[in-house]
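One file, entry.cif, is given below (mmCIF, C-alpha atoms, pLDDT in the B column; chains and numbers go by the auth columns).
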```
data_final
loop_
_atom_site.group_PDB
_atom_site.id
_atom_site.type_symbol
_atom_site.label_atom_id
_atom_site.label_comp_id
_atom_site.label_asym_id
_atom_site.label_seq_id
_atom_site.Cartn_x
_atom_site.Cartn_y
_atom_site.Cartn_z
_atom_site.B_iso_or_equiv
_atom_site.auth_seq_id
_atom_site.auth_asym_id
ATOM 1 C CA GLN A 1 106.738 97.143 115.753 92.00 29 A
ATOM 2 C CA VAL A 2 103.636 95.051 115.194 95.00 30 A
ATOM 3 C CA SER A 3 103.030 91.413 114.238 95.00 31 A
ATOM 4 C CA VAL A 4 101.221 91.139 110.933 96.00 32 A
ATOM 5 C CA LEU A 5 99.342 87.895 110.194 96.00 33 A
ATOM 6 C CA TYR A 6 98.226 86.906 106.707 95.00 34 A
ATOM 7 C CA PHE A 7 95.360 84.479 106.059 93.00 35 A
ATOM 8 C CA ALA A 8 93.907 82.635 103.076 92.00 36 A
ATOM 9 C CA ARG A 9 94.226 84.657 99.858 93.00 37 A
ATOM 10 C CA SER A 10 96.275 87.382 101.541 95.00 38 A
ATOM 11 C CA ALA A 11 98.854 84.767 102.612 94.00 39 A
ATOM 12 C CA GLU A 12 99.047 83.507 99.029 93.00 40 A
ATOM 13 C CA LEU A 13 99.569 87.003 97.629 96.00 41 A
ATOM 14 C CA ALA A 14 102.066 88.093 100.258 95.00 42 A
ATOM 15 C CA GLY A 15 103.886 84.746 100.151 94.00 43 A
ATOM 16 C CA ILE A 16 104.144 84.768 103.915 93.00 44 A
ATOM 17 C CA ARG A 17 101.974 83.933 106.943 93.00 45 A
ATOM 18 C CA CYS A 18 103.395 86.299 109.526 94.00 46 A
ATOM 19 C CA GLU A 19 106.088 88.895 110.031 96.00 47 A
ATOM 20 C CA THR A 20 107.054 91.861 112.191 96.00 48 A
ATOM 21 C CA LEU A 21 106.739 95.295 110.613 96.00 49 A
ATOM 22 C CA SER A 22 107.504 98.762 111.930 95.00 50 A
ATOM 23 C CA MET A 23 104.527 101.088 111.957 95.00 51 A
ATOM 24 C CA PRO A 24 103.861 104.569 113.337 95.00 52 A
ATOM 25 C CA ARG A 25 102.212 104.498 116.741 94.00 53 A
ATOM 26 C CA GLN A 26 99.174 106.380 115.399 96.00 54 A
ATOM 27 C CA ILE A 27 97.916 105.616 111.921 96.00 55 A
ATOM 28 C CA THR A 28 94.586 105.325 110.134 97.00 56 A
ATOM 29 C CA SER A 29 93.501 101.859 109.039 96.00 57 A
ATOM 30 C CA LEU A 30 93.768 102.920 105.407 96.00 58 A
ATOM 31 C CA GLN A 31 97.319 104.196 105.923 96.00 59 A
ATOM 32 C CA LEU A 32 98.176 100.920 107.648 97.00 60 A
ATOM 33 C CA TRP A 33 96.934 99.040 104.584 97.00 61 A
ATOM 34 C CA GLU A 34 99.009 101.225 102.289 96.00 62 A
ATOM 35 C CA GLU A 35 102.149 100.611 104.363 96.00 63 A
ATOM 36 C CA ILE A 36 101.590 96.863 104.135 97.00 64 A
ATOM 37 C CA VAL A 37 100.981 97.024 100.379 97.00 65 A
ATOM 38 C CA LYS A 38 104.322 98.803 99.991 96.00 66 A
ATOM 39 C CA VAL A 39 105.956 95.698 101.424 96.00 67 A
ATOM 40 C CA HIS A 40 103.732 93.268 99.457 97.00 68 A
ATOM 41 C CA PRO A 41 102.426 95.017 96.316 96.00 69 A
ATOM 42 C CA ARG A 42 100.389 91.995 95.168 96.00 70 A
ATOM 43 C CA LEU A 43 98.036 92.543 98.101 96.00 71 A
ATOM 44 C CA ALA A 44 96.573 95.505 96.205 96.00 72 A
ATOM 45 C CA ASP A 45 94.491 92.944 94.255 94.00 73 A
ATOM 46 C CA ILE A 46 92.256 92.261 97.255 95.00 74 A
ATOM 47 C CA ARG A 47 91.994 95.773 98.669 94.00 75 A
ATOM 48 C CA ASP A 48 88.204 95.876 98.279 93.00 76 A
ATOM 49 C CA GLN A 49 87.642 92.552 99.994 93.00 77 A
ATOM 50 C CA VAL A 50 89.688 92.677 103.158 94.00 78 A
ATOM 51 C CA VAL A 51 89.252 93.960 106.655 95.00 79 A
ATOM 52 C CA PHE A 52 91.820 94.126 109.394 96.00 80 A
ATOM 53 C CA ALA A 53 91.671 92.543 112.796 96.00 81 A
ATOM 54 C CA VAL A 54 93.644 94.748 115.201 96.00 82 A
ATOM 55 C CA ARG A 55 94.095 93.219 118.652 95.00 83 A
ATOM 56 C CA GLN A 56 91.410 90.727 117.550 94.00 84 A
ATOM 57 C CA GLU A 57 88.747 93.310 116.742 94.00 85 A
ATOM 58 C CA TYR A 58 87.600 93.839 113.177 95.00 86 A
ATOM 59 C CA VAL A 59 88.546 97.190 111.652 96.00 87 A
ATOM 60 C CA LEU A 60 87.449 98.417 108.207 95.00 88 A
ATOM 61 C CA LEU A 61 89.932 100.084 105.881 95.00 89 A
ATOM 62 C CA GLY A 62 89.253 103.782 106.260 94.00 90 A
ATOM 63 C CA ASP A 63 89.735 106.811 108.456 94.00 91 A
ATOM 64 C CA GLN A 64 89.576 105.036 111.771 94.00 92 A
ATOM 65 C CA LEU A 65 92.594 106.119 113.815 96.00 93 A
ATOM 66 C CA LEU A 66 94.492 103.238 115.353 96.00 94 A
ATOM 67 C CA VAL A 67 96.842 103.564 118.306 96.00 95 A
ATOM 68 C CA LEU A 68 99.342 100.732 117.991 96.00 96 A
ATOM 69 C CA GLN A 69 101.445 99.338 120.829 95.00 97 A
ATOM 70 C CA PRO A 70 104.626 97.335 120.316 95.00 98 A
ATOM 71 C CA GLY A 71 103.778 93.667 119.828 94.00 99 A
ATOM 72 C CA ASP A 72 100.159 94.317 118.791 96.00 100 A
ATOM 73 C CA GLU A 73 98.684 91.752 116.420 96.00 101 A
ATOM 74 C CA VAL A 74 97.319 92.983 113.107 97.00 102 A
ATOM 75 C CA ALA A 75 95.675 90.401 110.836 96.00 103 A
ATOM 76 C CA ILE A 76 94.603 90.685 107.199 96.00 104 A
ATOM 77 C CA ILE A 77 91.130 89.132 106.987 95.00 105 A
ATOM 78 C CA PRO A 78 89.806 88.130 103.533 94.00 106 A
ATOM 79 C CA PRO A 79 86.096 87.202 103.212 92.00 107 A
ATOM 80 C CA ILE A 80 85.472 84.364 105.672 88.00 108 A
ATOM 81 C CA SER A 81 84.121 81.020 104.550 81.00 109 A
ATOM 82 C CA GLY A 82 83.837 78.744 107.529 66.00 110 A
ATOM 83 C CA GLY A 83 81.009 76.692 108.918 55.00 111 A
ATOM 84 C CA VAL B 1 72.749 77.804 138.114 34.00 2 X
ATOM 85 C CA ASN B 2 76.335 77.410 136.968 38.00 3 X
ATOM 86 C CA SER B 3 77.100 77.876 133.310 40.00 4 X
ATOM 87 C CA LEU B 4 79.925 76.018 131.724 44.00 5 X
ATOM 88 C CA ILE B 5 81.378 77.118 128.427 46.00 6 X
ATOM 89 C CA ASN B 6 83.439 74.346 126.867 47.00 7 X
ATOM 90 C CA VAL B 7 84.456 76.582 124.040 46.00 8 X
ATOM 91 C CA PRO B 8 88.124 77.384 124.671 39.00 9 X
ATOM 92 C CA GLU B 9 89.481 73.884 125.176 40.00 10 X
ATOM 93 C CA ASP B 10 87.191 72.075 122.808 47.00 11 X
ATOM 94 C CA PHE B 11 87.175 74.415 119.868 51.00 12 X
ATOM 95 C CA ILE B 12 90.313 73.153 118.183 47.00 13 X
ATOM 96 C CA LYS B 13 90.317 69.533 117.164 50.00 14 X
ATOM 97 C CA PRO B 14 93.294 67.806 115.482 47.00 15 X
ATOM 98 C CA ARG B 15 92.563 67.166 111.864 47.00 16 X
ATOM 99 C CA SER B 16 92.819 63.423 112.021 52.00 17 X
ATOM 100 C CA GLU B 17 90.008 63.203 114.519 60.00 18 X
ATOM 101 C CA LYS B 18 86.414 62.889 113.427 68.00 19 X
ATOM 102 C CA LEU B 19 83.905 65.155 115.168 69.00 20 X
ATOM 103 C CA SER B 20 81.576 63.063 117.279 72.00 21 X
ATOM 104 C CA VAL B 21 77.916 63.863 117.820 71.00 22 X
ATOM 105 C CA GLY B 22 77.764 61.464 120.744 71.00 23 X
ATOM 106 C CA GLU B 23 80.686 63.083 122.464 69.00 24 X
ATOM 107 C CA MET B 24 79.253 66.563 121.919 68.00 25 X
ATOM 108 C CA SER B 25 75.936 65.560 123.462 67.00 26 X
ATOM 109 C CA GLU B 26 77.654 64.189 126.505 66.00 27 X
ATOM 110 C CA LEU B 27 79.557 67.440 126.973 64.00 28 X
ATOM 111 C CA VAL B 28 76.361 69.436 127.389 65.00 29 X
ATOM 112 C CA VAL B 29 74.019 67.047 129.112 63.00 30 X
ATOM 113 C CA SER B 30 72.892 68.241 132.522 62.00 31 X
ATOM 114 C CA PRO B 31 70.222 67.154 135.006 62.00 32 X
ATOM 115 C CA TYR B 32 68.659 70.618 134.768 60.00 33 X
ATOM 116 C CA CYS B 33 68.189 70.468 131.046 62.00 34 X
ATOM 117 C CA GLY B 34 65.565 68.607 129.157 62.00 35 X
ATOM 118 C CA ALA B 35 66.652 69.739 125.715 63.00 36 X
ATOM 119 C CA VAL B 36 69.843 69.314 123.787 63.00 37 X
ATOM 120 C CA SER B 37 70.071 70.779 120.317 64.00 38 X
ATOM 121 C CA LEU B 38 72.746 69.881 117.863 64.00 39 X
ATOM 122 C CA PHE B 39 73.717 71.548 114.657 64.00 40 X
ATOM 123 C CA LEU B 40 75.835 69.604 112.269 65.00 41 X
ATOM 124 C CA ASP B 41 77.269 70.970 109.069 64.00 42 X
ATOM 125 C CA GLU B 42 78.825 68.505 106.682 63.00 43 X
ATOM 126 C CA ASN B 43 80.925 68.778 103.588 61.00 44 X
ATOM 127 C CA ASN B 44 78.870 67.640 100.644 60.00 45 X
ATOM 128 C CA PHE B 45 79.413 67.151 96.951 56.00 46 X
ATOM 129 C CA GLU B 46 77.264 69.973 95.560 59.00 47 X
ATOM 130 C CA GLY B 47 77.572 68.315 92.188 55.00 48 X
ATOM 131 C CA LYS B 48 81.323 68.698 92.070 56.00 49 X
ATOM 132 C CA LYS B 49 84.059 66.184 92.559 56.00 50 X
ATOM 133 C CA VAL B 50 85.091 67.142 96.077 56.00 51 X
ATOM 134 C CA ILE B 51 87.289 64.733 97.967 60.00 52 X
ATOM 135 C CA HIS B 52 87.897 66.906 100.990 66.00 53 X
ATOM 136 C CA LEU B 53 87.891 70.488 102.206 68.00 54 X
ATOM 137 C CA GLU B 54 90.608 72.120 104.198 73.00 55 X
ATOM 138 C CA TYR B 55 90.164 74.864 106.771 76.00 56 X
ATOM 139 C CA GLU B 56 92.446 77.597 107.929 83.00 57 X
ATOM 140 C CA VAL B 57 91.713 79.577 111.109 83.00 58 X
ATOM 141 C CA TYR B 58 92.936 82.618 113.058 89.00 59 X
ATOM 142 C CA THR B 59 92.845 80.630 116.237 83.00 60 X
ATOM 143 C CA SER B 60 93.208 83.153 119.024 86.00 61 X
ATOM 144 C CA MET B 61 90.674 85.500 117.503 90.00 62 X
ATOM 145 C CA ALA B 62 88.223 82.691 116.726 85.00 63 X
ATOM 146 C CA GLU B 63 88.254 81.592 120.359 81.00 64 X
ATOM 147 C CA THR B 64 87.769 85.144 121.594 85.00 65 X
ATOM 148 C CA LYS B 65 84.875 85.681 119.207 86.00 66 X
ATOM 149 C CA ILE B 66 83.134 82.445 120.110 82.00 67 X
ATOM 150 C CA LYS B 67 83.400 83.177 123.814 81.00 68 X
ATOM 151 C CA LYS B 68 81.859 86.575 123.153 84.00 69 X
ATOM 152 C CA ILE B 69 79.027 85.072 121.085 82.00 70 X
ATOM 153 C CA CYS B 70 78.231 82.673 123.919 80.00 71 X
ATOM 154 C CA ARG B 71 78.395 85.436 126.527 81.00 72 X
ATOM 155 C CA ASP B 72 76.108 87.724 124.502 82.00 73 X
ATOM 156 C CA PHE B 73 73.657 84.944 123.954 79.00 74 X
ATOM 157 C CA ARG B 74 73.558 84.005 127.607 78.00 75 X
ATOM 158 C CA GLN B 75 72.570 87.563 128.472 80.00 76 X
ATOM 159 C CA LYS B 76 69.604 87.245 126.155 79.00 77 X
ATOM 160 C CA LEU B 77 68.624 83.756 127.298 78.00 78 X
ATOM 161 C CA PRO B 78 69.983 83.088 130.781 78.00 79 X
ATOM 162 C CA SER B 79 68.346 79.675 130.983 79.00 80 X
ATOM 163 C CA VAL B 80 70.696 78.244 128.366 77.00 81 X
ATOM 164 C CA LYS B 81 73.079 76.021 130.273 74.00 82 X
ATOM 165 C CA HIS B 82 75.942 74.498 128.297 76.00 83 X
ATOM 166 C CA ILE B 83 77.225 75.521 124.908 75.00 84 X
ATOM 167 C CA THR B 84 79.956 73.755 123.055 73.00 85 X
ATOM 168 C CA VAL B 85 81.208 74.460 119.561 73.00 86 X
ATOM 169 C CA HIS B 86 83.588 72.232 117.645 73.00 87 X
ATOM 170 C CA HIS B 87 84.960 73.176 114.266 71.00 88 X
ATOM 171 C CA ARG B 88 87.086 70.682 112.430 69.00 89 X
ATOM 172 C CA LEU B 89 90.335 72.095 111.111 68.00 90 X
ATOM 173 C CA GLY B 90 92.840 71.037 108.531 67.00 91 X
ATOM 174 C CA VAL B 91 91.700 68.482 105.986 67.00 92 X
ATOM 175 C CA VAL B 92 88.105 67.279 106.312 67.00 93 X
ATOM 176 C CA PRO B 93 86.866 64.428 104.058 69.00 94 X
ATOM 177 C CA VAL B 94 83.517 64.868 102.357 66.00 95 X
ATOM 178 C CA THR B 95 80.541 63.611 104.397 67.00 96 X
ATOM 179 C CA GLU B 96 82.324 64.306 107.648 69.00 97 X
ATOM 180 C CA ALA B 97 81.172 67.111 109.881 69.00 98 X
ATOM 181 C CA ASN B 98 82.905 70.489 109.726 69.00 99 X
ATOM 182 C CA VAL B 99 81.080 72.053 112.616 72.00 100 X
ATOM 183 C CA ILE B 100 79.031 70.711 115.468 73.00 101 X
ATOM 184 C CA ILE B 101 77.314 72.983 117.946 74.00 102 X
ATOM 185 C CA ALA B 102 75.612 71.540 120.995 75.00 103 X
ATOM 186 C CA VAL B 103 73.453 73.548 123.398 76.00 104 X
ATOM 187 C CA SER B 104 71.458 72.426 126.391 76.00 105 X
ATOM 188 C CA SER B 105 68.655 74.258 128.173 78.00 106 X
ATOM 189 C CA PRO B 106 65.558 73.409 130.179 80.00 107 X
ATOM 190 C CA HIS B 107 63.271 73.734 127.177 81.00 108 X
ATOM 191 C CA SER B 108 63.752 72.932 123.536 81.00 109 X
ATOM 192 C CA ALA B 109 62.727 76.313 122.114 82.00 110 X
ATOM 193 C CA GLU B 110 65.654 78.121 123.751 80.00 111 X
ATOM 194 C CA SER B 111 68.052 75.367 122.889 80.00 112 X
ATOM 195 C CA LEU B 112 67.157 75.507 119.203 83.00 113 X
ATOM 196 C CA GLU B 113 67.267 79.276 119.181 83.00 114 X
ATOM 197 C CA ALA B 114 70.718 79.222 120.763 81.00 115 X
ATOM 198 C CA VAL B 115 72.040 76.812 118.175 81.00 116 X
ATOM 199 C CA MET B 116 70.691 78.892 115.290 83.00 117 X
ATOM 200 C CA TYR B 117 72.111 82.079 116.784 82.00 118 X
ATOM 201 C CA CYS B 118 75.499 80.404 117.196 79.00 119 X
ATOM 202 C CA ILE B 119 75.713 79.042 113.698 80.00 120 X
ATOM 203 C CA ASN B 120 74.544 82.268 112.016 84.00 121 X
ATOM 204 C CA THR B 121 76.929 84.400 114.010 83.00 122 X
ATOM 205 C CA LEU B 122 79.725 81.905 113.542 79.00 123 X
ATOM 206 C CA LYS B 123 79.357 81.926 109.778 79.00 124 X
ATOM 207 C CA ALA B 124 79.315 85.719 109.730 85.00 125 X
ATOM 208 C CA SER B 125 82.120 86.586 112.078 87.00 126 X
ATOM 209 C CA ILE B 126 84.560 83.818 112.930 87.00 127 X
ATOM 210 C CA PRO B 127 87.844 84.110 111.042 89.00 128 X
ATOM 211 C CA ILE B 128 87.893 80.708 109.311 85.00 129 X
ATOM 212 C CA TRP B 129 88.506 80.024 105.632 86.00 130 X
ATOM 213 C CA LYS B 130 87.934 77.053 103.349 80.00 131 X
ATOM 214 C CA LYS B 131 91.031 76.556 101.251 76.00 132 X
#
```
Structure re-expressed in structure tokens:
Amino acid sequence: QVSVLYFARSAELAGIRCETLSMPRQITSLQLWEEIVKVHPRLADIRDQVVFAVRQEYVLLGDQLLVLQPGDEVAIIPPISGG
Amino acid sequence: VNSLINVPEDFIKPRSEKLSVGEMSELVVSPYCGAVSLFLDENNFEGKKVIHLEYEVYTSMAETKIKKICRDFRQKLPSVKHITVHHRLGVVPVTEANVIIAVSSPHSAESLEAVMYCINTLKASIPIWKK
């Protein structure tokens, strides 16, 4: 079970800022995205613009294999606009 | 030479509080350092009717990233002494500062370089969003 955090546009589309979801212990970042989109289909709109932050490190959507521990933080990161 | 990073405790400011250039300067001043550089980024009109901007941040990751930016930079320029970064959160009225970065070092060239490095890296990699 991991904590999923939603920011900016992804929070608007998902209608939620954070939740706990069950995920396989080993999963590619793309598969992780697809699991999350199953829960919040509207997120598919921003698929090409987001990256993940897993345990506070940026991860692109793709073949990278993630090893998730219970309680890990996964964040959906839309294009940043600070400063 | 001791290095102090004010980043973790000073990064988050309550939204009702204005960022203060004077306060930032005082945080980094040191007898070993002749130069203090400040970078200030303000909301501006850009021809549109903007009353205020609001910021959202992934706090824990932003702090981790800023600490890392400062650590990396210190390896490149060990003479840089104090670095402090404040980013205003929540609702920020136009003409008030969103971000202030203050860096002190013995000489002005390093201080300016450190500030530019911080702001460029900050804009590229810190998880903050304008609403």
| said: I'd like the neighbourhood of Pro106 in chain A as a list in words, where a residue qualifies if any of its atoms comes within 7 Å (using all atoms listed in the file), though same-chain residues fewer than 3 positions away should be ignored. | reply: Ala36, Arg37, Ser38, Gln77, Val78 and Val79 of chain A
| message | Using the chain letters and numbers from this file, what does the PyMOL selection byres ((chain A and resi 45-62) around 12) select? Give the answer as a ChimeraX atom specification. | response | /A:29-44,63-72,74-76,78-82,86-105 /X:57-59
| request: Can you check which residues of chain X have any atom within 9 Å of chain A? Use all atoms listed in the file and format it as a ChimeraX atom specification. | output: /X:42-43,56-59,61-63,65-66,88,99-100,120,123-132
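As for CA of Val86 in chain X and CA of Asn121 in chain X, they are spaced 12.7 Å apart.
Straight-line separation from CA of Glu111 in chain X to CA of Ser80 in chain X: 7.9 Å.
Across the structure, CA of Val81 in chain X and CA of Ser105 in chain X are spaced 6.2 Å apart.
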| said: Can you spell out as JSON, numbers by chain the set of residues that the PyMOL selection byres ((chain X and resi 114) around 10) selects in the structure I just provided? | reply: {"X": [38, 74, 78, 81, 104, 109, 110, 111, 112, 113, 115, 116, 117, 118, 119]}
Residues as selected, C-alpha atoms, written as a PDB file, in the frame of the given file, can you do that?
```pdb
ATOM      1  CA  SER X  38      70.071  70.779 120.317  1.00 64.00           C
ATOM      2  CA  PHE X  74      73.657  84.944 123.954  1.00 79.00           C
ATOM      3  CA  LEU X  78      68.624  83.756 127.298  1.00 78.00           C
ATOM      4  CA  VAL X  81      70.696  78.244 128.366  1.00 77.00           C
ATOM      5  CA  VAL X 104      73.453  73.548 123.398  1.00 76.00           C
ATOM      6  CA  SER X 109      63.752  72.932 123.536  1.00 81.00           C
ATOM      7  CA  ALA X 110      62.727  76.313 122.114  1.00 82.00           C
ATOM      8  CA  GLU X 111      65.654  78.121 123.751  1.00 80.00           C
ATOM      9  CA  SER X 112      68.052  75.367 122.889  1.00 80.00           C
ATOM     10  CA  LEU X 113      67.157  75.507 119.203  1.00 83.00           C
ATOM     11  CA  ALA X 115      70.718  79.222 120.763  1.00 81.00           C
ATOM     12  CA  VAL X 116      72.040  76.812 118.175  1.00 81.00           C
ATOM     13  CA  MET X 117      70.691  78.892 115.290  1.00 83.00           C
ATOM     14  CA  TYR X 118      72.111  82.079 116.784  1.00 82.00           C
ATOM     15  CA  CYS X 119      75.499  80.404 117.196  1.00 79.00           C
TER      16      CYS X 119
END
```
Some atoms are absent from range 75-87 of chain A, so rebuild N, CA, C and O atoms and return them as a PDB file, in the coordinates of the input.
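Result went into part-v6.pdb, see below:
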```pdb
ATOM      1  N   ARG A  75      92.269  94.596  97.827  1.00 94.00           N
ATOM      2  CA  ARG A  75      91.994  95.773  98.669  1.00 94.00           C
ATOM      3  C   ARG A  75      90.522  95.938  99.012  1.00 94.00           C
ATOM      4  O   ARG A  75      90.168  96.331 100.111  1.00 94.00           O
ATOM      5  N   ASP A  76      89.638  95.644  98.054  1.00 93.00           N
ATOM      6  CA  ASP A  76      88.204  95.876  98.279  1.00 93.00           C
ATOM      7  C   ASP A  76      87.536  94.747  99.058  1.00 93.00           C
ATOM      8  O   ASP A  76      86.340  94.816  99.316  1.00 93.00           O
ATOM      9  N   GLN A  77      88.283  93.707  99.361  1.00 93.00           N
ATOM     10  CA  GLN A  77      87.642  92.552  99.994  1.00 93.00           C
ATOM     11  C   GLN A  77      88.096  92.321 101.419  1.00 93.00           C
ATOM     12  O   GLN A  77      87.564  91.469 102.106  1.00 93.00           O
ATOM     13  N   VAL A  78      89.116  93.030 101.855  1.00 94.00           N
ATOM     14  CA  VAL A  78      89.688  92.677 103.158  1.00 94.00           C
ATOM     15  C   VAL A  78      89.245  93.640 104.250  1.00 94.00           C
ATOM     16  O   VAL A  78      88.865  94.784 103.998  1.00 94.00           O
ATOM     17  N   VAL A  79      89.294  93.114 105.471  1.00 95.00           N
ATOM     18  CA  VAL A  79      89.252  93.960 106.655  1.00 95.00           C
ATOM     19  C   VAL A  79      90.481  93.602 107.475  1.00 95.00           C
ATOM     20  O   VAL A  79      91.143  92.600 107.213  1.00 95.00           O
ATOM     21  N   PHE A  80      90.764  94.442 108.445  1.00 96.00           N
ATOM     22  CA  PHE A  80      91.820  94.126 109.394  1.00 96.00           C
ATOM     23  C   PHE A  80      91.196  93.535 110.652  1.00 96.00           C
ATOM     24  O   PHE A  80      90.028  93.757 110.963  1.00 96.00           O
ATOM     25  N   ALA A  81      92.002  92.806 111.408  1.00 96.00           N
ATOM     26  CA  ALA A  81      91.671  92.543 112.796  1.00 96.00           C
ATOM     27  C   ALA A  81      92.850  93.095 113.591  1.00 96.00           C
ATOM     28  O   ALA A  81      93.989  92.639 113.419  1.00 96.00           O
ATOM     29  N   VAL A  82      92.596  94.138 114.389  1.00 96.00           N
ATOM     30  CA  VAL A  82      93.644  94.748 115.201  1.00 96.00           C
ATOM     31  C   VAL A  82      93.360  94.390 116.652  1.00 96.00           C
ATOM     32  O   VAL A  82      92.270  94.680 117.162  1.00 96.00           O
ATOM     33  N   ARG A  83      94.318  93.748 117.295  1.00 95.00           N
ATOM     34  CA  ARG A  83      94.095  93.219 118.652  1.00 95.00           C
ATOM     35  C   ARG A  83      92.795  92.429 118.704  1.00 95.00           C
ATOM     36  O   ARG A  83      92.002  92.526 119.645  1.00 95.00           O
ATOM     37  N   GLN A  84      92.546  91.651 117.672  1.00 94.00           N
ATOM     38  CA  GLN A  84      91.410  90.727 117.550  1.00 94.00           C
ATOM     39  C   GLN A  84      90.036  91.397 117.460  1.00 94.00           C
ATOM     40  O   GLN A  84      89.020  90.769 117.730  1.00 94.00           O
ATOM     41  N   GLU A  85      90.021  92.661 117.057  1.00 94.00           N
ATOM     42  CA  GLU A  85      88.747  93.310 116.742  1.00 94.00           C
ATOM     43  C   GLU A  85      88.769  93.714 115.286  1.00 94.00           C
ATOM     44  O   GLU A  85      89.767  94.251 114.798  1.00 94.00           O
ATOM     45  N   TYR A  86      87.640  93.494 114.601  1.00 95.00           N
ATOM     46  CA  TYR A  86      87.600  93.839 113.177  1.00 95.00           C
ATOM     47  C   TYR A  86      87.668  95.356 112.985  1.00 95.00           C
ATOM     48  O   TYR A  86      87.034  96.113 113.720  1.00 95.00           O
ATOM     49  N   VAL A  87      88.423  95.776 111.994  1.00 96.00           N
ATOM     50  CA  VAL A  87      88.546  97.190 111.652  1.00 96.00           C
ATOM     51  C   VAL A  87      88.447  97.320 110.141  1.00 96.00           C
ATOM     52  O   VAL A  87      89.186  96.650 109.414  1.00 96.00           O
TER      53      VAL A  87
END
```
